[in-house]
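Heads up: the structure comes next, in structure tokens.
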Amino acid sequence: MPTSPSDPTAPPVPTAEPYDLAVIGAGPAGLAAAVTAAGLGLRCALLDAAERPGGQYYRHPAPGLGAARPDRLHHHWPAVTALLTRLDAQARAGRIDHLTGHHVWTAEQGEPWRLHAVVGPAGSGSAVVEARRVLLATGAYERQLPFPGWTLPGVVTAGGAQAMLKAGLVLPGRRIVVAGSGPLLLAAAASLAAAGARVPAVVEAGDYLGYARTPAALGALAANPGKLAEGARHAALLLRHRVRLRPRTAVVAVHGEDRVTGVTVARLDSAWRPVPGTERRIACDALAVGHGLLPQIELATELGAPTRTGPDGAVALAVDERLRTGLPGLWAAGETCGVGGADLALVEGEIAAREIAGRPVPAALRAARRRRRAFAELLAAAHRPGPGWTDWLTPETDVCRCEEVPAAAVREAVEELGAGDARTVKLLTRAGMGWCQGRMCGPAVACLAGGGEPRPDSRPLACPVPLAHLADAVPRPPDGP
């Protein structure tokens, strides 16, 4: 039970019996895990920083907007409503405590586990939740690669553009270029076009032919016909709205003074270096850009959980067939195990819940996970950023937007001051010391530092924490006499 309730003004309450399972994150994986585990007899806590369940993928319009057809903003809406109905039923039955507005900032491993959270929109409250087992379903965040002009008003992430549409029913502009790399671009462009935006181009740095270059890739495609059909629906909608797809092309500069007025795109070679003479300007008033997703795993890596590097260079938690991490009592599901989309997350959430409850997992469920995970690995390999993207940068381009650290300063730290990794660059330049703590600029700084293979994201605090909460936190006493 929480040692303090969700209401940050309420007095602390005594610690009661620990939960059987605490699920961190109420996106597709966390929702599926919580309702499945509760249905199998476990007493669960479902912690999430948001006020409403669904995560980034199943984001809801704000209640005050009175959205008449929220189903039009999502794929597989019936699956969403079914999960939410089950969550409500289990919560009313007392088998799930849905702790909204709880942002877990650290976890203490032990018997039981202790999860420390800040509570409320301003983080003014605090809570400690104890559980015998923990499932990490914290999802992912977008990978950004900087380029000249990327800090101008009107430049948003591809996922951010979808969030504006889903949660606020607004568009970032009227004429929006969608750019970057990865399957999210097609979904974002289709959503924006369907909502009334003019999308002059989808600028994809990768090459969709990579989906079918090997027999294994062809096999993964054939084993996931639903994904092929989904891609075909996106393509048909884009064709209907006359959206041009530009593969092996990138936005290399954004133009404008107070906001975006246009972008320059250029063809890329196989290493993602711009090909001279291929530049072309496209008029627009907004740019939605992203280069895939990165698993959000710092709660586990801070404890030393083993990781793996995926085909796209993203670091994810290493799990076994039962979705156990390398830490006793800690499971993971969904994007934390490697980005694979909502369908895979739902399957993994259910598998993890069954494993935690000690119940058999249907063979069909395990087969679905293998198919969908193979498809996710195929997409990751096809959209891995090429090393030549750094040629997009000018010396003045801000790499760290929080601290306004330009590419020239990062390169000086590496070439003249001897920095050989992102941490040393951070100490010399302050890159990554801002509000986002390197989530936005970390991959770019690491690439420019040339520190070899990507390292797992590890930080003692997973979100900003008031000093008063740190002072009040009582560490677990050490084992032994």
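As shown in the structure tokens, the chain order sets the letters A, B, ...; within each chain, residues go from 1, and ligands are also counted from 1 in the order they appear.
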| query | Among segment 125-236 of chain A, which residues carry a DSSP assignment of helix (DSSP H, G or I), reported as a PyMOL selection string? | reply | chain A and resi 158-168+184-194+208-212+215-222+225-236
| message | Using only C-alpha atoms, which protein or nucleic acid residues come within 10 Å of Leu317 of chain A? Drop anything in the same chain fewer than 5 positions from it, and give the result as a list in words. | response |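 In the requested form, the answer reads Leu136, Pro295, Gln296, Ile297, Glu298, Ala300, Thr301, Ala305, Pro306, Thr307, Arg308, Thr309, Gly310, Leu323, Arg324, Thr325, Gly326, Trp331, Ala332, Ala333, Glu335, Thr336, Cys337, Gly338 and Pro456 of chain A.
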Using only N, CA and C atoms, please write the residues we just selected to a file, as a PDB file, in the first residue's frame.
```
ATOM      1  N   LEU A 136       7.769  -3.260 -14.998  1.00  0.00           N
ATOM      2  CA  LEU A 136       8.121  -1.976 -15.581  1.00  0.00           C
ATOM      3  C   LEU A 136       7.512  -1.892 -16.977  1.00  0.00           C
ATOM      4  N   PRO A 295      13.518   3.278 -25.560  1.00  0.00           N
ATOM      5  CA  PRO A 295      12.902   2.751 -24.345  1.00  0.00           C
ATOM      6  C   PRO A 295      13.265   3.583 -23.116  1.00  0.00           C
ATOM      7  N   GLN A 296      12.288   3.788 -22.249  1.00  0.00           N
ATOM      8  CA  GLN A 296      12.503   4.544 -21.013  1.00  0.00           C
ATOM      9  C   GLN A 296      12.745   3.550 -19.881  1.00  0.00           C
ATOM     10  N   ILE A 297      14.003   3.328 -19.566  1.00  0.00           N
ATOM     11  CA  ILE A 297      14.373   2.200 -18.702  1.00  0.00           C
ATOM     12  C   ILE A 297      15.228   2.595 -17.505  1.00  0.00           C
ATOM     13  N   GLU A 298      15.356   3.906 -17.214  1.00  0.00           N
ATOM     14  CA  GLU A 298      16.316   4.321 -16.195  1.00  0.00           C
ATOM     15  C   GLU A 298      16.002   3.778 -14.808  1.00  0.00           C
ATOM     16  N   ALA A 300      15.233   0.829 -14.052  1.00  0.00           N
ATOM     17  CA  ALA A 300      15.863  -0.491 -13.958  1.00  0.00           C
ATOM     18  C   ALA A 300      17.373  -0.422 -14.118  1.00  0.00           C
ATOM     19  N   THR A 301      17.852   0.395 -15.058  1.00  0.00           N
ATOM     20  CA  THR A 301      19.294   0.438 -15.283  1.00  0.00           C
ATOM     21  C   THR A 301      20.026   1.059 -14.102  1.00  0.00           C
ATOM     22  N   ALA A 305      20.183  -3.434 -13.953  1.00  0.00           N
ATOM     23  CA  ALA A 305      19.528  -4.438 -14.794  1.00  0.00           C
ATOM     24  C   ALA A 305      20.266  -4.580 -16.123  1.00  0.00           C
ATOM     25  N   PRO A 306      20.487  -5.798 -16.601  1.00  0.00           N
ATOM     26  CA  PRO A 306      21.160  -6.006 -17.893  1.00  0.00           C
ATOM     27  C   PRO A 306      20.341  -5.424 -19.044  1.00  0.00           C
ATOM     28  N   THR A 307      21.039  -4.989 -20.082  1.00  0.00           N
ATOM     29  CA  THR A 307      20.392  -4.393 -21.249  1.00  0.00           C
ATOM     30  C   THR A 307      20.896  -5.048 -22.520  1.00  0.00           C
ATOM     31  N   ARG A 308      20.237  -4.714 -23.613  1.00  0.00           N
ATOM     32  CA  ARG A 308      20.676  -5.147 -24.935  1.00  0.00           C
ATOM     33  C   ARG A 308      20.538  -3.971 -25.891  1.00  0.00           C
ATOM     34  N   THR A 309      21.354  -3.980 -26.942  1.00  0.00           N
ATOM     35  CA  THR A 309      21.271  -2.940 -27.961  1.00  0.00           C
ATOM     36  C   THR A 309      20.535  -3.489 -29.170  1.00  0.00           C
ATOM     37  N   GLY A 310      19.461  -2.813 -29.566  1.00  0.00           N
ATOM     38  CA  GLY A 310      18.643  -3.268 -30.679  1.00  0.00           C
ATOM     39  C   GLY A 310      19.247  -2.926 -32.025  1.00  0.00           C
ATOM     40  N   LEU A 323       9.789 -12.819 -19.673  1.00  0.00           N
ATOM     41  CA  LEU A 323       9.825 -11.367 -19.521  1.00  0.00           C
ATOM     42  C   LEU A 323      10.385 -10.935 -18.180  1.00  0.00           C
ATOM     43  N   ARG A 324      11.228 -11.799 -17.589  1.00  0.00           N
ATOM     44  CA  ARG A 324      11.954 -11.425 -16.378  1.00  0.00           C
ATOM     45  C   ARG A 324      13.215 -10.656 -16.761  1.00  0.00           C
ATOM     46  N   THR A 325      13.506  -9.610 -16.020  1.00  0.00           N
ATOM     47  CA  THR A 325      14.782  -8.922 -16.194  1.00  0.00           C
ATOM     48  C   THR A 325      15.855  -9.689 -15.420  1.00  0.00           C
ATOM     49  N   GLY A 326      17.060  -9.138 -15.401  1.00  0.00           N
ATOM     50  CA  GLY A 326      18.130  -9.781 -14.633  1.00  0.00           C
ATOM     51  C   GLY A 326      18.063  -9.499 -13.152  1.00  0.00           C
ATOM     52  N   TRP A 331       9.975  -7.564 -13.590  1.00  0.00           N
ATOM     53  CA  TRP A 331       9.602  -7.936 -14.947  1.00  0.00           C
ATOM     54  C   TRP A 331       9.512  -6.670 -15.805  1.00  0.00           C
ATOM     55  N   ALA A 332       9.488  -6.860 -17.115  1.00  0.00           N
ATOM     56  CA  ALA A 332       9.318  -5.722 -18.032  1.00  0.00           C
ATOM     57  C   ALA A 332       8.446  -6.172 -19.195  1.00  0.00           C
ATOM     58  N   ALA A 333       7.719  -5.228 -19.782  1.00  0.00           N
ATOM     59  CA  ALA A 333       6.850  -5.538 -20.920  1.00  0.00           C
ATOM     60  C   ALA A 333       6.703  -4.300 -21.785  1.00  0.00           C
ATOM     61  N   GLU A 335       7.483  -1.446 -24.622  1.00  0.00           N
ATOM     62  CA  GLU A 335       8.605  -0.727 -25.219  1.00  0.00           C
ATOM     63  C   GLU A 335       9.879  -0.801 -24.392  1.00  0.00           C
ATOM     64  N   THR A 336       9.779  -1.067 -23.081  1.00  0.00           N
ATOM     65  CA  THR A 336      10.983  -1.188 -22.263  1.00  0.00           C
ATOM     66  C   THR A 336      11.848  -2.356 -22.710  1.00  0.00           C
ATOM     67  N   CYS A 337      11.238  -3.347 -23.367  1.00  0.00           N
ATOM     68  CA  CYS A 337      11.981  -4.501 -23.889  1.00  0.00           C
ATOM     69  C   CYS A 337      12.455  -4.280 -25.320  1.00  0.00           C
ATOM     70  N   GLY A 338      12.188  -3.126 -25.882  1.00  0.00           N
ATOM     71  CA  GLY A 338      12.476  -2.822 -27.285  1.00  0.00           C
ATOM     72  C   GLY A 338      11.199  -2.352 -27.948  1.00  0.00           C
ATOM     73  N   PRO A 456      23.446   2.339 -21.754  1.00  0.00           N
ATOM     74  CA  PRO A 456      22.103   2.465 -21.173  1.00  0.00           C
ATOM     75  C   PRO A 456      21.944   3.768 -20.431  1.00  0.00           C
TER      76      PRO A 456
END
```
| query | What lies within 12 Å of Asp207 of chain A using only C-alpha atoms, ignoring chain neighbours under 4 positions off, as a ChimeraX atom specification? | reply | /A:180-183,203,211-213,245-250,267-272,379-386
| said: Env of segment 50-56 of chain A: 7 Å cut, atoms = only C-alpha atoms, seq-sep filter 3 positions within chain, self excluded. Answer as a ChimeraX atom specification. | reply: /A:26-28,59,100-101
| Nearest to Arg175 of chain A: which of A:Gly262, A:Pro454, A:Gly94, A:Gly64 is it, counting only C-alpha atoms? |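 Closest residue, counting only C-alpha atoms: A:Gly262.
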| said: Just checking: using only C-alpha atoms, which residue out of A:Ala220, A:Leu467, A:Ile356, A:Val263 ends up closest to Thr36 of chain A? | reply: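 The shortest atom-to-atom distance to Thr36 of chain A comes from A:Ile356.
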Contact residues around Val35 of chain A with only C-alpha atoms at 8 Å, ignoring same-chain residues under 2 positions, as a compact mmCIF listing (two decimals) with C-alpha atoms, in the first residue's frame:
```
# COMPACT_ATOMS: atom_id res chain seq x y z
CA LEU A 31 -3.01 -1.85 -18.64
CA ALA A 32 -2.96 -5.38 -20.07
CA ALA A 33 -0.72 -6.59 -17.26
CA ALA A 37 -3.01 -10.04 -13.03
CA ALA A 38 -6.03 -8.79 -11.08
CA GLY A 39 -8.24 -11.24 -12.93
CA LEU A 83 -9.17 -2.60 -21.36
CA ARG A 86 -11.85 -4.18 -17.28
CA LEU A 87 -9.70 -1.71 -15.34
CA GLN A 90 -11.21 -4.50 -11.17
CA ILE A 96 -6.51 -2.74 -8.50
```
| task | Skip segment 228-236 of chain A itself and residues of its chain fewer than 6 positions away, then list as a list in words all residues within 10 Å of it, counting only C-alpha atoms. | result | His75, Pro183, Leu186, Ala187, Ala188, Ala189, Ala190, Ser191, Leu221, Ala222, Arg242, Val243 and Leu245 of chain A
Write the selection just made, keeping N, CA, C and O atoms, as a PDB file, in the first residue's frame?
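Once everything was written out, this is result_25.pdb:
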```pdb
ATOM      1  N   HIS A  75      -6.174   3.871 -33.557  1.00  0.00           N
ATOM      2  CA  HIS A  75      -6.371   2.551 -34.140  1.00  0.00           C
ATOM      3  C   HIS A  75      -6.827   1.609 -33.022  1.00  0.00           C
ATOM      4  O   HIS A  75      -6.472   1.785 -31.857  1.00  0.00           O
ATOM      5  N   PRO A 183       8.357   4.009 -38.669  1.00  0.00           N
ATOM      6  CA  PRO A 183       6.940   3.822 -39.025  1.00  0.00           C
ATOM      7  C   PRO A 183       6.014   4.851 -38.410  1.00  0.00           C
ATOM      8  O   PRO A 183       4.897   5.042 -38.888  1.00  0.00           O
ATOM      9  N   LEU A 186       4.463   7.609 -40.912  1.00  0.00           N
ATOM     10  CA  LEU A 186       3.281   7.347 -41.725  1.00  0.00           C
ATOM     11  C   LEU A 186       2.003   7.524 -40.906  1.00  0.00           C
ATOM     12  O   LEU A 186       1.032   8.115 -41.378  1.00  0.00           O
ATOM     13  N   ALA A 187       2.026   7.004 -39.672  1.00  0.00           N
ATOM     14  CA  ALA A 187       0.844   7.144 -38.819  1.00  0.00           C
ATOM     15  C   ALA A 187       0.583   8.604 -38.489  1.00  0.00           C
ATOM     16  O   ALA A 187      -0.566   9.072 -38.513  1.00  0.00           O
ATOM     17  N   ALA A 188       1.644   9.352 -38.186  1.00  0.00           N
ATOM     18  CA  ALA A 188       1.475  10.769 -37.859  1.00  0.00           C
ATOM     19  C   ALA A 188       0.947  11.547 -39.056  1.00  0.00           C
ATOM     20  O   ALA A 188       0.025  12.358 -38.926  1.00  0.00           O
ATOM     21  N   ALA A 189       1.527  11.311 -40.223  1.00  0.00           N
ATOM     22  CA  ALA A 189       1.085  12.027 -41.421  1.00  0.00           C
ATOM     23  C   ALA A 189      -0.360  11.705 -41.754  1.00  0.00           C
ATOM     24  O   ALA A 189      -1.143  12.593 -42.126  1.00  0.00           O
ATOM     25  N   ALA A 190      -0.734  10.436 -41.628  1.00  0.00           N
ATOM     26  CA  ALA A 190      -2.112  10.047 -41.921  1.00  0.00           C
ATOM     27  C   ALA A 190      -3.090  10.722 -40.956  1.00  0.00           C
ATOM     28  O   ALA A 190      -4.149  11.207 -41.367  1.00  0.00           O
ATOM     29  N   SER A 191      -2.721  10.771 -39.658  1.00  0.00           N
ATOM     30  CA  SER A 191      -3.596  11.413 -38.672  1.00  0.00           C
ATOM     31  C   SER A 191      -3.750  12.902 -38.961  1.00  0.00           C
ATOM     32  O   SER A 191      -4.857  13.450 -38.903  1.00  0.00           O
ATOM     33  N   LEU A 221       7.610 -10.156 -42.477  1.00  0.00           N
ATOM     34  CA  LEU A 221       6.494  -9.442 -43.108  1.00  0.00           C
ATOM     35  C   LEU A 221       5.304 -10.376 -43.313  1.00  0.00           C
ATOM     36  O   LEU A 221       4.159 -10.033 -42.997  1.00  0.00           O
ATOM     37  N   ALA A 222       5.581 -11.565 -43.847  1.00  0.00           N
ATOM     38  CA  ALA A 222       4.504 -12.507 -44.141  1.00  0.00           C
ATOM     39  C   ALA A 222       3.793 -12.973 -42.876  1.00  0.00           C
ATOM     40  O   ALA A 222       2.589 -13.276 -42.902  1.00  0.00           O
ATOM     41  N   ARG A 242      -3.010  13.283 -51.418  1.00  0.00           N
ATOM     42  CA  ARG A 242      -1.917  13.746 -52.277  1.00  0.00           C
ATOM     43  C   ARG A 242      -0.666  14.117 -51.488  1.00  0.00           C
ATOM     44  O   ARG A 242      -0.017  15.140 -51.723  1.00  0.00           O
ATOM     45  N   VAL A 243      -0.332  13.261 -50.531  1.00  0.00           N
ATOM     46  CA  VAL A 243       0.882  13.443 -49.740  1.00  0.00           C
ATOM     47  C   VAL A 243       2.014  12.691 -50.419  1.00  0.00           C
ATOM     48  O   VAL A 243       1.900  11.490 -50.673  1.00  0.00           O
ATOM     49  N   LEU A 245       5.583  10.901 -50.642  1.00  0.00           N
ATOM     50  CA  LEU A 245       6.573  10.210 -49.819  1.00  0.00           C
ATOM     51  C   LEU A 245       7.947  10.370 -50.458  1.00  0.00           C
ATOM     52  O   LEU A 245       8.141  10.016 -51.624  1.00  0.00           O
TER      53      LEU A 245
END
```
| request: List every residue of segment 8-171 of chain A that DSSP, applied to the backbone, labels as strand (DSSP E or B), and write the result as an MDAnalysis selection string. | output: chainID A and resid 19:24 44:47 96:99 102:108 113:119 125:136 140:142 155:157
| query | For Val199 of chain A, which of A:His103, A:Lys227, A:Arg240, A:Lys166 is the closest residue, counting only C-alpha atoms? | reply |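 Smallest distance to Val199 of chain A is found for A:Arg240.
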